[in-house]
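The file my_file-v7.txt comes next; it holds compact mmCIF, C-alpha atoms.
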```txt
# COMPACT_ATOMS: atom_id res chain seq x y z
CA MET U 1353 138.36 332.40 209.97
CA GLU U 1354 135.70 329.78 209.35
CA GLU U 1355 133.97 329.89 206.02
CA VAL U 1356 130.45 331.30 205.87
CA LYS U 1357 128.20 330.46 202.94
CA VAL U 1358 124.61 331.28 202.05
CA ILE U 1359 122.70 329.28 199.48
CA GLY U 1360 119.89 331.45 198.23
CA PHE U 1361 117.50 332.56 195.52
CA TRP U 1362 117.49 336.20 194.32
CA ALA U 1363 113.71 336.65 194.75
CA SER U 1364 113.41 335.18 198.22
CA PRO U 1365 112.71 337.53 201.16
CA TYR U 1366 113.76 334.71 203.52
CA VAL U 1367 117.23 334.70 201.97
CA TYR U 1368 117.47 338.49 202.29
CA ARG U 1369 116.72 338.23 206.03
CA VAL U 1370 119.93 336.24 206.36
CA THR U 1371 122.15 338.30 204.04
CA TRP U 1372 120.92 341.56 205.64
CA ALA U 1373 121.78 340.20 209.09
CA LEU U 1374 125.27 339.17 207.98
CA ASN U 1375 125.85 342.54 206.29
CA LEU U 1376 124.63 344.47 209.35
CA LYS U 1377 127.12 342.55 211.49
CA GLY U 1378 129.95 342.94 208.98
CA VAL U 1379 130.32 339.18 208.48
CA GLU U 1380 131.86 338.17 205.17
CA TYR U 1381 130.23 335.31 203.33
CA GLU U 1382 130.10 333.51 200.04
CA TYR U 1383 126.77 333.58 198.22
CA GLN U 1384 125.59 330.78 195.99
CA GLU U 1385 122.54 331.25 193.80
CA GLU U 1386 120.14 328.35 193.54
CA ASP U 1387 117.48 327.90 190.86
CA VAL U 1388 114.58 326.86 193.09
CA PHE U 1389 112.59 325.73 190.07
CA ASN U 1390 115.39 323.32 189.19
CA LYS U 1391 116.92 322.32 192.51
CA SER U 1392 120.52 321.24 192.57
CA ASP U 1393 121.82 318.08 194.18
CA LEU U 1394 123.72 320.31 196.59
CA LEU U 1395 120.51 321.88 197.90
CA LEU U 1396 118.82 318.50 198.24
CA GLN U 1397 121.84 317.30 200.18
CA TYR U 1398 122.12 320.41 202.36
CA ASN U 1399 118.42 320.65 203.20
CA PRO U 1400 117.00 317.18 202.74
CA VAL U 1401 113.97 317.80 204.98
CA HIS U 1402 112.51 320.91 203.34
CA LYS U 1403 114.62 321.26 200.14
CA LYS U 1404 114.41 325.05 200.44
CA VAL U 1405 116.57 328.15 200.63
CA PRO U 1406 118.12 329.80 202.54
CA VAL U 1407 120.66 327.28 203.71
CA PHE U 1408 123.44 328.64 205.91
CA VAL U 1409 126.82 326.96 206.19
CA HIS U 1410 129.40 327.88 208.83
CA GLY U 1411 132.61 325.93 209.25
CA GLY U 1412 131.06 323.11 207.26
CA LYS U 1413 127.95 322.85 209.45
CA ARG U 1414 124.59 323.59 207.88
CA ILE U 1415 121.49 325.27 209.22
CA ALA U 1416 118.10 325.62 207.53
CA GLU U 1417 115.03 327.78 208.26
CA SER U 1418 115.60 331.54 208.14
CA THR U 1419 114.46 332.36 211.70
CA VAL U 1420 116.68 329.60 213.08
CA ILE U 1421 119.59 330.98 211.03
CA LEU U 1422 118.94 334.51 212.34
CA GLU U 1423 119.11 333.31 215.96
CA TYR U 1424 122.37 331.48 215.18
CA ILE U 1425 123.89 334.57 213.54
CA GLU U 1426 122.85 336.71 216.51
CA GLU U 1427 124.56 334.35 218.98
CA THR U 1428 127.66 333.68 216.94
CA TRP U 1429 128.40 337.29 215.98
CA PRO U 1430 127.17 339.45 218.88
CA GLN U 1431 128.37 342.77 217.41
CA ASN U 1432 125.58 345.14 216.36
CA PRO U 1433 122.87 343.13 218.13
CA LEU U 1434 119.63 342.47 216.29
CA LEU U 1435 117.65 341.48 219.37
CA PRO U 1436 117.01 343.69 222.40
CA THR U 1437 118.71 342.82 225.72
CA ASP U 1438 115.51 342.99 227.78
CA PRO U 1439 113.96 339.48 227.92
CA HIS U 1440 110.39 340.68 227.43
CA ALA U 1441 111.38 342.87 224.48
CA ARG U 1442 113.17 339.84 222.97
CA ALA U 1443 109.99 337.83 223.35
CA MET U 1444 108.00 340.58 221.60
CA ALA U 1445 110.53 340.62 218.72
CA ARG U 1446 110.15 336.86 218.32
CA PHE U 1447 106.35 337.15 218.57
CA TRP U 1448 106.09 339.63 215.69
CA THR U 1449 108.45 337.60 213.51
CA LYS U 1450 106.26 334.56 214.13
CA PHE U 1451 103.10 336.56 213.47
CA GLY U 1452 104.37 337.62 210.05
CA ASP U 1453 105.31 334.04 209.16
CA ASP U 1454 102.20 332.34 210.57
CA LYS U 1455 99.88 334.77 208.80
CA LYS U 1456 101.56 334.20 205.43
CA PRO U 1457 98.47 332.66 203.77
CA ASP U 1458 96.37 335.62 204.94
CA PHE U 1459 98.92 338.16 203.74
CA PHE U 1460 99.52 336.59 200.35
CA GLY U 1461 96.10 335.15 199.53
CA PHE U 1462 95.23 338.20 197.41
CA PHE U 1463 98.18 337.48 195.15
CA LYS U 1464 97.05 333.97 194.29
CA SER U 1465 93.39 334.78 193.67
CA ALA U 1466 91.10 336.75 191.37
CA GLY U 1467 87.63 338.29 191.32
CA GLU U 1468 85.42 337.94 194.40
CA GLU U 1469 87.94 335.70 196.12
CA GLN U 1470 90.64 338.33 195.67
CA ILE U 1471 88.50 341.07 197.19
CA LYS U 1472 87.91 338.90 200.26
CA ALA U 1473 91.60 337.95 200.44
CA ALA U 1474 92.68 341.60 200.17
CA LYS U 1475 90.46 342.46 203.16
CA GLU U 1476 92.07 339.64 205.19
CA ALA U 1477 95.53 340.94 204.30
CA GLN U 1478 94.53 344.41 205.44
CA GLU U 1479 93.27 343.08 208.77
CA CYS U 1480 96.68 341.53 209.39
CA LEU U 1481 98.44 344.71 208.29
CA LYS U 1482 96.28 346.69 210.71
CA ILE U 1483 97.43 344.49 213.57
CA LEU U 1484 101.05 345.08 212.57
CA GLU U 1485 100.50 348.83 212.30
CA GLU U 1486 98.63 349.29 215.56
CA HIS U 1487 99.99 346.60 217.87
CA GLY U 1488 103.36 345.75 216.36
CA LEU U 1489 104.89 348.96 215.13
CA GLU U 1490 102.84 351.43 217.19
CA ASP U 1491 104.78 354.72 217.35
CA LYS U 1492 108.24 353.26 217.00
CA LYS U 1493 110.67 354.00 214.19
CA PHE U 1494 111.47 350.31 213.79
CA PHE U 1495 109.64 347.28 215.14
CA ASP U 1496 112.28 346.61 217.76
CA GLY U 1497 112.86 350.25 218.73
CA ASP U 1498 115.16 353.01 217.52
CA LYS U 1499 117.33 350.89 215.35
CA ILE U 1500 116.83 348.08 212.89
CA GLY U 1501 116.46 344.60 214.39
CA MET U 1502 115.47 341.03 213.69
CA THR U 1503 111.76 341.80 213.41
CA ASP U 1504 112.38 344.46 210.78
CA LEU U 1505 114.46 342.01 208.76
CA SER U 1506 111.76 339.33 209.09
CA LEU U 1507 109.06 341.76 207.96
CA GLY U 1508 111.28 343.18 205.23
CA TRP U 1509 109.09 341.53 202.64
CA LEU U 1510 106.60 344.35 203.28
CA ALA U 1511 109.10 346.81 201.91
CA PHE U 1512 109.99 345.46 198.48
CA TRP U 1513 108.08 342.29 197.84
CA LEU U 1514 104.57 343.39 198.75
CA GLU U 1515 104.73 346.30 196.30
CA ALA U 1516 105.75 343.97 193.47
CA MET U 1517 103.00 341.49 194.37
CA GLU U 1518 100.43 344.28 194.45
CA GLY U 1519 101.61 345.43 191.02
CA ALA U 1520 101.39 341.93 189.59
CA ALA U 1521 97.98 341.25 191.12
CA GLY U 1522 96.56 344.66 190.21
CA VAL U 1523 95.37 345.43 193.72
CA GLN U 1524 96.74 347.65 196.48
CA VAL U 1525 96.46 346.45 200.06
CA LEU U 1526 99.04 348.62 201.82
CA ASP U 1527 97.68 352.06 200.99
CA VAL U 1528 99.31 355.08 202.65
CA ASN U 1529 96.04 356.49 204.04
CA SER U 1530 95.15 353.35 205.98
CA PHE U 1531 98.71 352.52 206.98
CA PRO U 1532 100.72 355.73 207.53
CA ARG U 1533 103.01 354.16 210.16
CA LEU U 1534 103.92 351.15 208.04
CA HIS U 1535 104.64 353.46 205.12
CA ALA U 1536 106.94 355.55 207.32
CA TRP U 1537 108.62 352.37 208.53
CA ILE U 1538 109.20 351.21 204.94
CA ARG U 1539 110.81 354.58 204.13
CA ASN U 1540 113.06 354.33 207.21
CA LEU U 1541 113.98 350.74 206.40
CA LYS U 1542 114.95 351.57 202.83
CA GLU U 1543 117.26 354.34 204.11
CA VAL U 1544 119.35 351.96 206.22
CA PRO U 1545 122.60 351.67 204.19
CA VAL U 1546 122.75 347.85 204.27
CA ILE U 1547 119.15 347.62 203.05
CA LYS U 1548 119.56 350.42 200.50
CA GLU U 1549 122.49 348.63 198.91
CA ASN U 1550 121.03 345.12 199.10
CA HIS U 1551 117.57 344.43 197.78
CA PRO U 1552 116.13 342.76 194.70
CA ASP U 1553 115.72 344.81 191.56
CA GLN U 1554 112.11 346.05 191.56
CA THR U 1555 111.59 345.70 187.80
CA ARG U 1556 112.88 342.15 187.82
CA LEU U 1557 110.79 341.33 190.91
CA LEU U 1558 107.62 342.66 189.33
CA ALA U 1559 108.20 340.56 186.19
CA TYR U 1560 108.85 337.52 188.40
CA PHE U 1561 105.62 337.99 190.33
CA LYS U 1562 103.64 338.56 187.14
CA TRP U 1563 104.93 335.25 185.86
CA LEU U 1564 104.23 333.53 189.19
CA ARG U 1565 100.71 334.91 189.34
CA GLU U 1566 99.94 333.57 185.89
CA MET U 1567 100.81 330.13 187.19
CA TYR U 1568 98.52 330.49 190.21
CA THR U 1569 95.50 331.93 188.40
CA LYS U 1570 95.73 329.87 185.24
CA PRO U 1571 92.48 327.96 184.78
CA ALA U 1572 92.90 324.21 185.15
CA THR U 1573 93.31 322.34 181.90
CA THR U 1574 92.06 318.83 181.30
CA MET M 367 109.84 336.28 244.76
CA GLU M 368 108.87 337.47 241.34
CA GLU M 369 105.36 336.46 240.51
CA VAL M 370 104.83 334.10 237.60
CA LYS M 371 101.33 333.45 236.31
CA LEU M 372 100.13 331.10 233.62
CA LEU M 373 96.77 331.52 231.92
CA GLY M 374 95.75 328.16 230.50
CA PHE M 375 93.03 325.78 229.38
CA TRP M 376 93.31 322.23 230.70
CA PRO M 377 92.93 320.30 227.37
CA SER M 378 95.48 322.44 225.51
CA ASN M 379 98.77 320.78 224.57
CA PHE M 380 100.26 324.23 223.96
CA VAL M 381 99.57 325.13 227.60
CA TYR M 382 101.17 321.87 228.71
CA ARG M 383 104.36 322.80 226.83
CA VAL M 384 104.72 325.77 229.16
CA ILE M 385 103.78 323.77 232.28
CA TRP M 386 106.43 321.15 231.46
CA ALA M 387 109.14 323.76 230.91
CA LEU M 388 108.35 325.61 234.16
CA LYS M 389 108.21 322.42 236.20
CA LEU M 390 111.41 321.01 234.70
CA LYS M 391 113.15 324.19 235.83
CA GLY M 392 111.47 324.19 239.23
CA VAL M 393 109.80 327.56 238.64
CA GLU M 394 106.76 328.17 240.82
CA TYR M 395 103.74 329.79 239.25
CA ASP M 396 100.07 330.57 239.74
CA TYR M 397 97.80 328.81 237.28
CA ILE M 398 94.63 330.50 236.07
CA GLU M 399 92.14 328.38 234.14
CA GLU M 400 90.49 330.18 231.22
CA ASP M 401 87.17 329.14 229.74
CA VAL M 402 88.38 329.73 226.19
CA LEU M 403 85.48 328.07 224.45
CA SER M 404 82.67 330.16 225.85
CA ASN M 405 83.82 332.89 228.18
CA LYS M 406 87.26 334.47 227.72
CA SER M 407 88.17 336.74 230.60
CA GLU M 408 88.92 340.45 230.31
CA LEU M 409 92.40 339.60 231.57
CA LEU M 410 93.05 337.26 228.63
CA LEU M 411 91.79 339.77 226.08
CA GLN M 412 93.99 342.42 227.67
CA TYR M 413 97.09 340.18 227.80
CA ASN M 414 96.70 338.71 224.30
CA PRO M 415 94.77 341.18 222.16
CA VAL M 416 96.20 339.84 218.89
CA TYR M 417 95.25 336.17 219.23
CA LYS M 418 93.04 336.08 222.37
CA LYS M 419 94.46 332.61 223.14
CA VAL M 420 96.22 330.65 225.83
CA PRO M 421 98.88 329.99 226.98
CA VAL M 422 99.85 333.41 228.33
CA LEU M 423 102.82 333.64 230.68
CA VAL M 424 102.90 336.71 232.89
CA HIS M 425 106.22 337.57 234.51
CA ARG M 426 107.05 340.85 236.26
CA GLY M 427 103.59 342.00 235.21
CA LYS M 428 104.31 341.60 231.48
CA PRO M 429 102.57 339.06 229.26
CA ILE M 430 104.30 336.74 226.80
CA VAL M 431 102.24 334.77 224.27
CA GLU M 432 102.74 331.99 221.70
CA SER M 433 104.03 328.81 223.27
CA CYS M 434 107.35 328.67 221.36
CA VAL M 435 108.10 332.30 222.22
CA ILE M 436 107.25 331.53 225.87
CA LEU M 437 109.58 328.51 225.84
CA GLU M 438 112.50 330.64 224.59
CA TYR M 439 111.69 333.24 227.27
CA ILE M 440 111.64 330.60 230.01
CA GLU M 441 114.95 329.15 228.79
CA GLU M 442 116.62 332.57 228.85
CA THR M 443 115.11 333.77 232.12
CA TRP M 444 115.69 330.60 234.19
CA PRO M 445 118.95 329.09 232.90
CA GLU M 446 119.01 326.21 235.48
CA ASN M 447 118.40 322.78 233.97
CA PRO M 448 118.93 323.97 230.38
CA LEU M 449 116.41 322.73 227.82
CA LEU M 450 118.45 323.76 224.78
CA PRO M 451 122.01 322.64 223.92
CA GLU M 452 124.84 325.05 224.71
CA ASP M 453 126.61 324.74 221.36
CA ALA M 454 125.23 327.28 218.88
CA HIS M 455 124.94 324.81 216.01
CA ASP M 456 123.28 322.12 218.16
CA LYS M 457 120.90 324.81 219.40
CA ALA M 458 120.07 325.69 215.77
CA VAL M 459 119.38 322.03 215.00
CA ALA M 460 117.07 321.89 218.04
CA ARG M 461 115.21 325.02 216.93
CA PHE M 462 114.85 323.51 213.45
CA TRP M 463 113.12 320.42 214.91
CA MET M 464 110.98 322.61 217.15
CA GLN M 465 109.54 324.21 214.02
CA PHE M 466 109.08 320.91 212.21
CA ALA M 467 105.69 319.21 212.28
CA SER M 468 104.20 321.51 214.86
CA PRO M 469 100.45 320.75 214.94
CA ASP M 470 99.40 324.40 214.71
CA ARG M 471 101.49 325.14 211.62
CA SER M 472 101.03 321.94 209.72
CA PRO M 473 98.33 321.58 207.07
CA THR M 474 99.18 317.86 207.04
CA PHE M 475 98.08 317.34 210.64
CA ASN M 476 95.03 319.54 210.14
CA ALA M 477 93.98 317.29 207.29
CA PHE M 478 94.52 314.28 209.57
CA PHE M 479 92.25 315.70 212.27
CA LEU M 480 89.54 316.12 209.66
CA LEU M 481 90.24 312.80 207.98
CA PRO M 482 87.48 311.71 205.59
CA THR M 483 86.11 308.23 206.23
CA ALA M 484 87.07 306.93 202.80
CA GLY M 485 88.57 307.85 199.46
CA GLU M 486 91.74 309.07 197.77
CA GLU M 487 92.12 312.10 200.03
CA ARG M 488 92.05 309.90 203.12
CA GLU M 489 94.81 307.67 201.77
CA LYS M 490 96.96 310.61 200.70
CA THR M 491 96.61 312.34 204.08
CA ILE M 492 97.54 309.18 205.96
CA LYS M 493 100.57 308.79 203.72
CA ASP M 494 101.62 312.45 204.26
CA VAL M 495 101.30 312.20 208.05
CA LEU M 496 103.27 308.96 208.10
CA GLU M 497 106.02 310.50 205.96
CA THR M 498 106.20 313.53 208.27
CA LEU M 499 106.44 311.37 211.39
CA ARG M 500 109.02 309.13 209.72
CA THR M 501 111.21 312.16 208.98
CA LEU M 502 110.83 313.27 212.59
CA GLU M 503 111.75 309.80 213.80
CA GLU M 504 114.70 309.14 211.48
CA GLN M 505 116.28 312.55 211.15
CA GLY M 506 115.11 314.32 214.29
CA LEU M 507 115.19 311.61 216.90
CA GLY M 508 117.56 309.06 215.35
CA ASP M 509 118.91 306.67 217.97
CA LYS M 510 118.56 309.04 220.88
CA LYS M 511 116.32 308.39 223.89
CA PHE M 512 114.98 311.93 223.74
CA PHE M 513 115.25 314.61 221.06
CA GLY M 514 117.37 316.47 223.61
CA GLY M 515 119.70 313.49 224.06
CA ASP M 516 119.71 311.77 227.45
CA SER M 517 117.24 314.19 228.95
CA ILE M 518 114.16 316.09 227.87
CA GLY M 519 114.61 319.36 226.03
CA LEU M 520 112.48 321.90 224.22
CA VAL M 521 112.16 319.70 221.12
CA ASP M 522 110.64 316.92 223.23
CA ILE M 523 108.32 319.44 224.86
CA VAL M 524 107.12 320.78 221.50
CA HIS M 525 106.39 317.25 220.22
CA GLY M 526 104.83 316.22 223.52
CA TRP M 527 101.38 316.43 221.93
CA LEU M 528 102.16 313.09 220.30
CA ALA M 529 101.98 311.57 223.77
CA SER M 530 98.28 311.91 224.68
CA TRP M 531 96.66 314.18 222.14
CA PHE M 532 97.80 312.42 218.98
CA GLU M 533 96.97 309.04 220.53
CA ILE M 534 93.41 310.25 221.02
CA ILE M 535 93.19 311.66 217.50
CA GLN M 536 94.33 308.31 216.13
CA GLU M 537 91.51 306.67 218.08
CA MET M 538 89.00 309.21 216.78
CA VAL M 539 89.90 308.90 213.10
CA GLY M 540 90.46 305.15 213.35
CA VAL M 541 94.04 305.14 212.07
CA LYS M 542 96.94 303.93 214.20
CA LEU M 543 100.35 305.14 213.04
CA LEU M 544 102.30 304.99 216.31
CA GLU M 545 102.82 301.25 216.07
CA PRO M 546 105.89 299.05 216.72
CA ASN M 547 106.04 298.02 213.07
CA THR M 548 105.46 301.49 211.65
CA LEU M 549 107.24 304.01 213.90
CA PRO M 550 109.11 301.97 216.52
CA ARG M 551 111.53 304.63 217.75
CA LEU M 552 108.91 307.35 217.93
CA LEU M 553 106.63 304.98 219.83
CA ALA M 554 109.47 304.25 222.26
CA TRP M 555 110.06 307.98 222.62
CA VAL M 556 106.38 308.55 223.48
CA GLN M 557 106.66 305.94 226.22
CA ASN M 558 109.91 307.38 227.61
CA PHE M 559 108.42 310.85 227.52
CA LYS M 560 105.27 309.82 229.39
CA ASP M 561 107.37 307.97 231.99
CA ALA M 562 109.73 310.87 232.66
CA PRO M 563 109.33 312.22 236.22
CA VAL M 564 107.91 315.70 235.60
CA ILE M 565 105.84 314.70 232.58
CA LYS M 566 104.28 311.67 234.28
CA ASP M 567 102.73 313.89 236.95
CA ASN M 568 101.62 316.52 234.46
CA LEU M 569 99.50 315.00 231.75
CA PRO M 570 95.77 315.52 231.33
CA ASP M 571 93.53 312.62 232.33
CA TYR M 572 93.24 310.46 229.20
CA ASN M 573 89.50 309.74 229.46
CA GLU M 574 88.61 313.33 230.27
CA LEU M 575 90.69 314.52 227.32
CA LEU M 576 89.12 311.92 225.03
CA ALA M 577 85.63 313.03 226.10
CA HIS M 578 86.51 316.69 225.58
CA MET M 579 88.11 316.18 222.15
CA THR M 580 85.27 313.97 220.97
CA ARG M 581 82.79 316.67 222.03
CA VAL M 582 84.73 319.45 220.30
CA TRP M 583 85.22 317.45 217.09
CA SER M 584 81.54 316.67 216.67
```
Can the structure in the file be given as structure tokens, please?
Amino acid sequence: MEEVKVIGFWASPYVYRVTWALNLKGVEYEYQEEDVFNKSDLLLQYNPVHKKVPVFVHGGKRIAESTVILEYIEETWPQNPLLPTDPHARAMARFWTKFGDDKKPDFFGFFKSAGEEQIKAAKEAQECLKILEEHGLEDKKFFDGDKIGMTDLSLGWLAFWLEAMEGAAGVQVLDVNSFPRLHAWIRNLKEVPVIKENHPDQTRLLAYFKWLREMYTKPATT
Amino acid sequence: MEEVKLLGFWPSNFVYRVIWALKLKGVEYDYIEEDVLSNKSELLLQYNPVYKKVPVLVHRGKPIVESCVILEYIEETWPENPLLPEDAHDKAVARFWMQFASPDRSPTFNAFFLLPTAGEEREKTIKDVLETLRTLEEQGLGDKKFFGGDSIGLVDIVHGWLASWFEIIQEMVGVKLLEPNTLPRLLAWVQNFKDAPVIKDNLPDYNELLAHMTRVWS
């Protein structure tokens, strides 16, 4: 069997997309932790263009960019499919993954700001969340239907990471009254065995985001 | 025959991505021009409620939006004349380059479009754009005629905006980067791309596009 390796960082939701996918398909892999604040030569060699994690290695060949890796995993290990078979449904799955990634600045702006700016940024985040709730998730259990799929993995950051960011920033954007469906989806996601057994430690994540936020909101020094 | 419709806007390079893919595969479609700047149709708002943008591909009555999502849909639905490699790893490499330096996701290109006339920021932006294009040229294209190898593929289609649109932007901001001494292989690629049979017959009129972009920018 060809060797599978994931180079990752414990706090990265992009890395978890990949490890969740592999776990859901029962693919064994070796995990290598990377300190993204002190990048190794190996990472710089494996991902010279972006110098980021995750990097996926299969049979010696490397792939970077989490959504590209997910598509590769789906094709290479077809068991327990993470994309629907219907072509239009596949397109919708890819659309919502892209939406989550393209709207990143709008989703996370509140975390990097303070005061008036933060209030405005929180509103922008909620507008994006509303679109996900009403157009993306609608009445479904998971984004891609009855069972967990690629879109759920790509939006998995809503489940664990957003809560920690809200805690660190002292502001709630995903409140249960405004977003009952997303809250139900988060509960369902966390119950999936692979997800339940594989997610970052919440206490550690909160501390990490508190530290990160200090860096972003520190006033400039001369 | 199953009906295929494309909602578009003639100056949009994202719309052209879809046109090129459909034509390369010989798929017939009805084109509907949308006045996106001043008068979006009810149809567009119904088909793309999230972004309200073109292109929108409608197949079997169902809309698909976002050009890269549409390209993947086209590739899967009409497998003739494949635009992605067959090998899974090569396909992953292609998808990687499709995501790289896309004008809609790149703050570097945005900064270039709004290039200040002088100063440190101008110099830094020019440097960043050049570095990005160099990476695309050296690591994406390499010695190949097209990103897809001997023939055009999805990566070429995604970077097709470099053919007319970027040329015009260069003219507008007064900075020429696609030069024989600066980016020789990418320049050669632009020429090969524009000369390719389907592309040649499906490019917006240069002067009309220049007039439109100048108007929009000011």
Any chance you could tabulate, as a Markdown table, the residues of chain U at most 7 Å from chain M with each one's nearest atom pair and distance in Å to one decimal, using only C-alpha atoms, in chain and rising number order?
```
| residue | atom | partner | partner_atom | distance |
| --- | --- | --- | --- | --- |
| U:Ile1415 | CA | M:Ala458 | CA | 6.7 |
| U:Glu1417 | CA | M:Phe462 | CA | 6.7 |
| U:Val1420 | CA | M:Ala458 | CA | 5.8 |
| U:Tyr1424 | CA | M:Ala458 | CA | 6.3 |
| U:Pro1439 | CA | M:Tyr439 | CA | 6.7 |
| U:Ala1443 | CA | M:Val435 | CA | 6.0 |
| U:Arg1446 | CA | M:Val435 | CA | 6.3 |
| U:Phe1447 | CA | M:Val435 | CA | 6.3 |
```
### Query
Skipping near chain neighbours, those fewer than 4 positions away, what residues fall within 10 Å of Met1502 (chain U) using all atoms listed in the file, listed as a ChimeraX atom specification?
/U:1369-1370,1372-1373,1419,1422-1423,1426,1433-1436,1442,1445-1446,1448-1449,1495-1496,1506-1508
Practice problem: For region 483-485 of chain M, work out the shell of residues within 10 Å, counting only C-alpha atoms and skipping chain neighbours fewer than 4 positions away, then give it as a ChimeraX atom specification. | Solution: /M:489-490,539-540
Just the residues within 7 Å of region 530-535 of chain M, please, counting only C-alpha atoms, with nothing from its chain fewer than 2 positions along; format it as a PDB file with C-alpha atoms, in the coordinates of the input.
```pdb
ATOM      1  CA  PHE M 479      92.250 315.700 212.270  1.00  0.00           C
ATOM      2  CA  TRP M 527     101.380 316.430 221.930  1.00  0.00           C
ATOM      3  CA  LEU M 528     102.160 313.090 220.300  1.00  0.00           C
ATOM      4  CA  GLU M 537      91.510 306.670 218.080  1.00  0.00           C
ATOM      5  CA  MET M 538      89.000 309.210 216.780  1.00  0.00           C
ATOM      6  CA  VAL M 539      89.900 308.900 213.100  1.00  0.00           C
ATOM      7  CA  TYR M 572      93.240 310.460 229.200  1.00  0.00           C
ATOM      8  CA  LEU M 576      89.120 311.920 225.030  1.00  0.00           C
TER       9      LEU M 576
END
```
Query - Selection as a PyMOL selection string: residues within 12 Å of (88.7, 336.9, 191.4), counting all atoms listed in the file - result: chain U and resi 1461-1474+1521-1523+1568-1571
Separating CA of Gly374 (chain M) from CA of Met579 (chain M), to the nearest tenth of an Å, is a gap of 16.5 Å
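With CA of Val1358 (chain U) on one side and CA of Tyr1383 (chain U) on the other, the separation reads 5.0 Å.
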Since the input lacks atoms, please generate N, CA, C and O atoms for region 1543-1555 of chain U and provide them as a tab-separated table (two decimals), in the frame of the given file.
```tsv
chain	number	residue	atom	x	y	z
U	1543	GLU	N	116.15	353.39	203.95
U	1543	GLU	CA	117.26	354.34	204.11
U	1543	GLU	C	118.45	353.73	204.83
U	1543	GLU	O	119.55	354.28	204.80
U	1544	VAL	N	118.24	352.61	205.52
U	1544	VAL	CA	119.35	351.96	206.22
U	1544	VAL	C	120.35	351.51	205.15
U	1544	VAL	O	119.97	350.78	204.23
U	1545	PRO	N	121.62	351.95	205.26
U	1545	PRO	CA	122.60	351.67	204.19
U	1545	PRO	C	122.64	350.21	203.73
U	1545	PRO	O	122.59	349.95	202.52
U	1546	VAL	N	122.69	349.26	204.66
U	1546	VAL	CA	122.75	347.85	204.27
U	1546	VAL	C	121.54	347.46	203.43
U	1546	VAL	O	121.66	346.72	202.44
U	1547	ILE	N	120.37	347.96	203.78
U	1547	ILE	CA	119.15	347.62	203.05
U	1547	ILE	C	119.14	348.32	201.69
U	1547	ILE	O	118.82	347.73	200.65
U	1548	LYS	N	119.55	349.61	201.73
U	1548	LYS	CA	119.56	350.42	200.50
U	1548	LYS	C	120.43	349.78	199.42
U	1548	LYS	O	120.10	349.81	198.24
U	1549	GLU	N	121.55	349.20	199.88
U	1549	GLU	CA	122.49	348.63	198.91
U	1549	GLU	C	122.22	347.15	198.61
U	1549	GLU	O	122.89	346.57	197.76
U	1550	ASN	N	121.28	346.56	199.28
U	1550	ASN	CA	121.03	345.12	199.10
U	1550	ASN	C	119.55	344.82	199.07
U	1550	ASN	O	118.93	344.59	200.11
U	1551	HIS	N	118.97	344.84	197.92
U	1551	HIS	CA	117.57	344.43	197.78
U	1551	HIS	C	117.36	344.01	196.33
U	1551	HIS	O	118.12	344.38	195.45
U	1552	PRO	N	116.32	343.23	196.07
U	1552	PRO	CA	116.13	342.76	194.70
U	1552	PRO	C	115.74	343.93	193.80
U	1552	PRO	O	115.14	344.90	194.23
U	1553	ASP	N	116.08	343.81	192.55
U	1553	ASP	CA	115.72	344.81	191.56
U	1553	ASP	C	114.20	344.81	191.38
U	1553	ASP	O	113.59	343.76	191.11
U	1554	GLN	N	113.58	345.98	191.56
U	1554	GLN	CA	112.11	346.05	191.56
U	1554	GLN	C	111.49	345.65	190.23
U	1554	GLN	O	110.44	345.01	190.19
U	1555	THR	N	112.13	346.04	189.13
U	1555	THR	CA	111.59	345.70	187.80
U	1555	THR	C	111.60	344.19	187.60
U	1555	THR	O	110.61	343.60	187.14
```
